[in-house]
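*Asks:* Just dropping this structure here.
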Amino acid sequence: MEKQTIIVGEVEHVVVSVTKEEIDVIFDSADYYQLDYMIGLYKTVFKRANIEWDDISEEGGVNLDAVRCNEETARYLCSKCIAWDKANNVSSLPGGLWLNNGFNRDDSVGDFMFKVTPCHVELK
């Protein structure tokens with residue numbers, strides 16, 4: 001079966017919202033690994049952009065640089081990452097996974113709004 005590639009936003013970007021409360025649930029639900037909250041964040045944003053995370057191919061996947069948020073939202077997310085990492089005794093730099101793999105900045109979107117820029121997503 002040939003893999004399907006779609007383009008999020010086609011020509012324009014897609015803007016979706018995720019509330020603070022929804023973000024808090026993602027962190028509260030993260031079991032043991034930092035990836036639990038990181039994937040939870042991406043899953044939620046992509047689902048709002050009508051893409052199911054579990055349908056994305058592990059090989060071709062998606063460009064994670066495609067997701068953007070404003071400074072206020074980024075600070076909130078970073079503080080949540082740091083707090084979770086400290087509470088769960090992560091041995092690496094608290095918030096380090098977010099610094100390496102978190103969303104890019106774009107102050108043209110409002111608080112707790114996420115811009116998914118046009119990108120190719122390879123599905124399973």
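Order determines the names: the first chain of the structure tokens is A, the second B, and so forth; residues in each chain are numbered 1 upward, and ligands are numbered 1 upward as they are shown.
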With a distance cut-off of 8 Å and only C-alpha atoms, select the neighbouring residues of Asp111 in chain A, excluding the residue or stretch itself and same-chain residues fewer than 4 positions from it, and output the selection as a PyMOL selection string.
*Replies:* chain A and resi 69-70+72-73
*Asks:* Save the residues we just selected, N, CA and C atoms, as a JSON list (two decimals), in the first residue's frame?
*Replies:*
```json
[["chain", "number", "residue", "atom", "x", "y", "z"],
["A", 69, "CYS", "N", 3.78, 29.13, 18.22],
["A", 69, "CYS", "CA", 2.94, 29.78, 19.23],
["A", 69, "CYS", "C", 3.60, 31.09, 19.64],
["A", 70, "ASN", "N", 2.86, 31.94, 20.32],
["A", 70, "ASN", "CA", 3.43, 33.23, 20.72],
["A", 70, "ASN", "C", 4.29, 33.08, 21.99],
["A", 72, "GLU", "N", 4.03, 34.37, 25.04],
["A", 72, "GLU", "CA", 3.28, 34.09, 26.27],
["A", 72, "GLU", "C", 2.98, 32.60, 26.42],
["A", 73, "THR", "N", 2.49, 32.00, 25.35],
["A", 73, "THR", "CA", 2.17, 30.57, 25.37],
["A", 73, "THR", "C", 3.43, 29.74, 25.52]]
```
*Asks:* If you run DSSP over the backbone, which residues in range 4-116 of chain A end up alpha helix (DSSP H)? Put them as a VMD selection string.
*Replies:* chain A and resid 20 to 29 34 to 48 71 to 87 96 to 101
*Asks:* Would you put the residues from that selection into a file with C-alpha atoms, as a compact mmCIF listing (two decimals), in the first residue's frame?
*Replies:*
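Once written, again-v2.txt looks like this:
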```
# COMPACT_ATOMS: atom_id res chain seq x y z
CA LYS A 20 -4.59 26.25 29.43
CA GLU A 21 -6.78 23.64 31.08
CA GLU A 22 -6.24 21.22 28.20
CA ILE A 23 -2.49 21.79 28.41
CA ASP A 24 -2.58 21.17 32.16
CA VAL A 25 -4.35 17.84 31.57
CA ILE A 26 -1.63 16.82 29.10
CA PHE A 27 1.03 17.38 31.75
CA ASP A 28 -1.05 15.78 34.52
CA SER A 29 -1.52 12.72 32.30
CA GLN A 34 9.18 13.67 28.92
CA LEU A 35 7.98 12.40 25.57
CA ASP A 36 4.59 11.73 27.17
CA TYR A 37 3.86 15.45 27.47
CA MET A 38 5.71 16.44 24.30
CA ILE A 39 3.80 13.98 22.13
CA GLY A 40 0.61 14.93 23.97
CA LEU A 41 1.10 18.56 22.95
CA TYR A 42 1.78 17.71 19.30
CA LYS A 43 -1.09 15.20 19.20
CA THR A 44 -3.51 17.81 20.47
CA VAL A 45 -2.42 20.55 18.07
CA PHE A 46 -2.39 18.25 15.04
CA LYS A 47 -5.78 16.80 15.97
CA ARG A 48 -7.19 20.34 15.96
CA GLU A 71 5.88 34.15 23.48
CA GLU A 72 3.28 34.09 26.27
CA THR A 73 2.17 30.57 25.37
CA ALA A 74 5.75 29.39 24.91
CA ARG A 75 6.68 30.67 28.37
CA TYR A 76 3.71 28.86 29.91
CA LEU A 77 4.60 25.62 28.14
CA CYS A 78 8.26 25.92 29.08
CA SER A 79 7.38 26.52 32.74
CA LYS A 80 5.12 23.43 32.67
CA CYS A 81 7.96 21.36 31.16
CA ILE A 82 10.45 22.56 33.77
CA ALA A 83 8.04 21.87 36.63
CA TRP A 84 7.17 18.39 35.31
CA ASP A 85 10.84 17.52 34.78
CA LYS A 86 11.78 18.63 38.30
CA ALA A 87 8.83 16.81 39.90
CA GLY A 96 15.55 20.70 27.88
CA LEU A 97 13.30 18.57 25.70
CA TRP A 98 11.04 21.60 25.17
CA LEU A 99 14.03 23.79 24.29
CA ASN A 100 15.13 21.26 21.66
CA ASN A 101 11.74 20.15 20.32
```
*Asks:* Counting only C-alpha atoms, which residue out of A:Asp31, A:Thr19, A:His13, A:Asp65 sits closest to Met113 in chain A?
*Replies:*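 The closest residue to Met113 in chain A is A:Thr19.
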*Asks:* Find, counting only C-alpha atoms, the residue in A:Asn89, A:Ala30, A:Gly110, A:Ala49 that gets nearest to Val67 in chain A.
*Replies:*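 Nearest to Val67 in chain A: A:Ala49.
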*Asks:* So which bits of range 7-86 of chain A end up strand (DSSP E or B) when you DSSP the backbone, as a VMD selection string?
*Replies:* chain A and resid 7 to 8 14 to 17 56 62 67 to 69
*Asks:* Write the residues of the preceding selection, restricted to N, CA and C atoms, as a PDB file, in the first residue's frame.
*Replies:*
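File produced: selection-v7.pdb:
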```pdb
ATOM      1  N   ILE A   7      -0.947  17.831   2.722  1.00  0.00           N
ATOM      2  CA  ILE A   7      -0.337  19.112   3.059  1.00  0.00           C
ATOM      3  C   ILE A   7      -1.269  19.823   4.018  1.00  0.00           C
ATOM      4  N   VAL A   8      -0.765  20.070   5.214  1.00  0.00           N
ATOM      5  CA  VAL A   8      -1.555  20.803   6.199  1.00  0.00           C
ATOM      6  C   VAL A   8      -1.656  22.237   5.735  1.00  0.00           C
ATOM      7  N   VAL A  14      -2.839  26.980   9.258  1.00  0.00           N
ATOM      8  CA  VAL A  14      -4.040  26.657  10.017  1.00  0.00           C
ATOM      9  C   VAL A  14      -3.790  27.123  11.447  1.00  0.00           C
ATOM     10  N   VAL A  15      -4.729  27.838  12.037  1.00  0.00           N
ATOM     11  CA  VAL A  15      -4.594  28.290  13.421  1.00  0.00           C
ATOM     12  C   VAL A  15      -5.628  27.551  14.267  1.00  0.00           C
ATOM     13  N   VAL A  16      -5.145  26.944  15.346  1.00  0.00           N
ATOM     14  CA  VAL A  16      -6.021  26.184  16.247  1.00  0.00           C
ATOM     15  C   VAL A  16      -5.793  26.670  17.671  1.00  0.00           C
ATOM     16  N   SER A  17      -6.735  26.394  18.533  1.00  0.00           N
ATOM     17  CA  SER A  17      -6.578  26.792  19.930  1.00  0.00           C
ATOM     18  C   SER A  17      -6.549  25.558  20.830  1.00  0.00           C
ATOM     19  N   ILE A  56       0.154   9.318  11.469  1.00  0.00           N
ATOM     20  CA  ILE A  56       1.361   9.868  10.851  1.00  0.00           C
ATOM     21  C   ILE A  56       2.434   8.789  10.794  1.00  0.00           C
ATOM     22  N   VAL A  62       6.391  14.138   9.975  1.00  0.00           N
ATOM     23  CA  VAL A  62       5.998  15.523   9.830  1.00  0.00           C
ATOM     24  C   VAL A  62       7.136  16.406  10.319  1.00  0.00           C
ATOM     25  N   VAL A  67       4.878  23.873  13.777  1.00  0.00           N
ATOM     26  CA  VAL A  67       3.951  24.374  14.802  1.00  0.00           C
ATOM     27  C   VAL A  67       4.563  25.590  15.496  1.00  0.00           C
ATOM     28  N   ARG A  68       3.760  26.642  15.616  1.00  0.00           N
ATOM     29  CA  ARG A  68       4.233  27.897  16.201  1.00  0.00           C
ATOM     30  C   ARG A  68       3.243  28.415  17.237  1.00  0.00           C
ATOM     31  N   CYS A  69       3.780  29.130  18.223  1.00  0.00           N
ATOM     32  CA  CYS A  69       2.936  29.783  19.231  1.00  0.00           C
ATOM     33  C   CYS A  69       3.605  31.089  19.641  1.00  0.00           C
TER      34      CYS A  69
END
```
*Asks:* Which of these, A:Ala66, A:Asp54, A:Pro94, A:Tyr33, has the shortest distance to Thr117 in chain A once you count only C-alpha atoms?
*Replies:*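 Among A:Ala66, A:Asp54, A:Pro94, A:Tyr33, it is A:Ala66 that comes nearest to Thr117 in chain A.
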*Asks:* One number please: CA of Val90 in chain A to CA of Glu52 in chain A, in Å, one decimal.
*Replies:*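 Between CA of Val90 in chain A and CA of Glu52 in chain A the gap works out to 28.7 Å.
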*Asks:* What does the structure give for the distance between CA of Phe103 in chain A and CA of Val18 in chain A, in Å to one decimal?
*Replies:*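 Going from CA of Phe103 in chain A over to CA of Val18 in chain A, I get 13.4 Å.
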*Asks:* Go ahead and compute the interatomic distance for CA of Ser92 in chain A and CA of Arg105 in chain A, in Å to one decimal.
*Replies:*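 CA of Arg105 in chain A lies 23.6 Å from CA of Ser92 in chain A.
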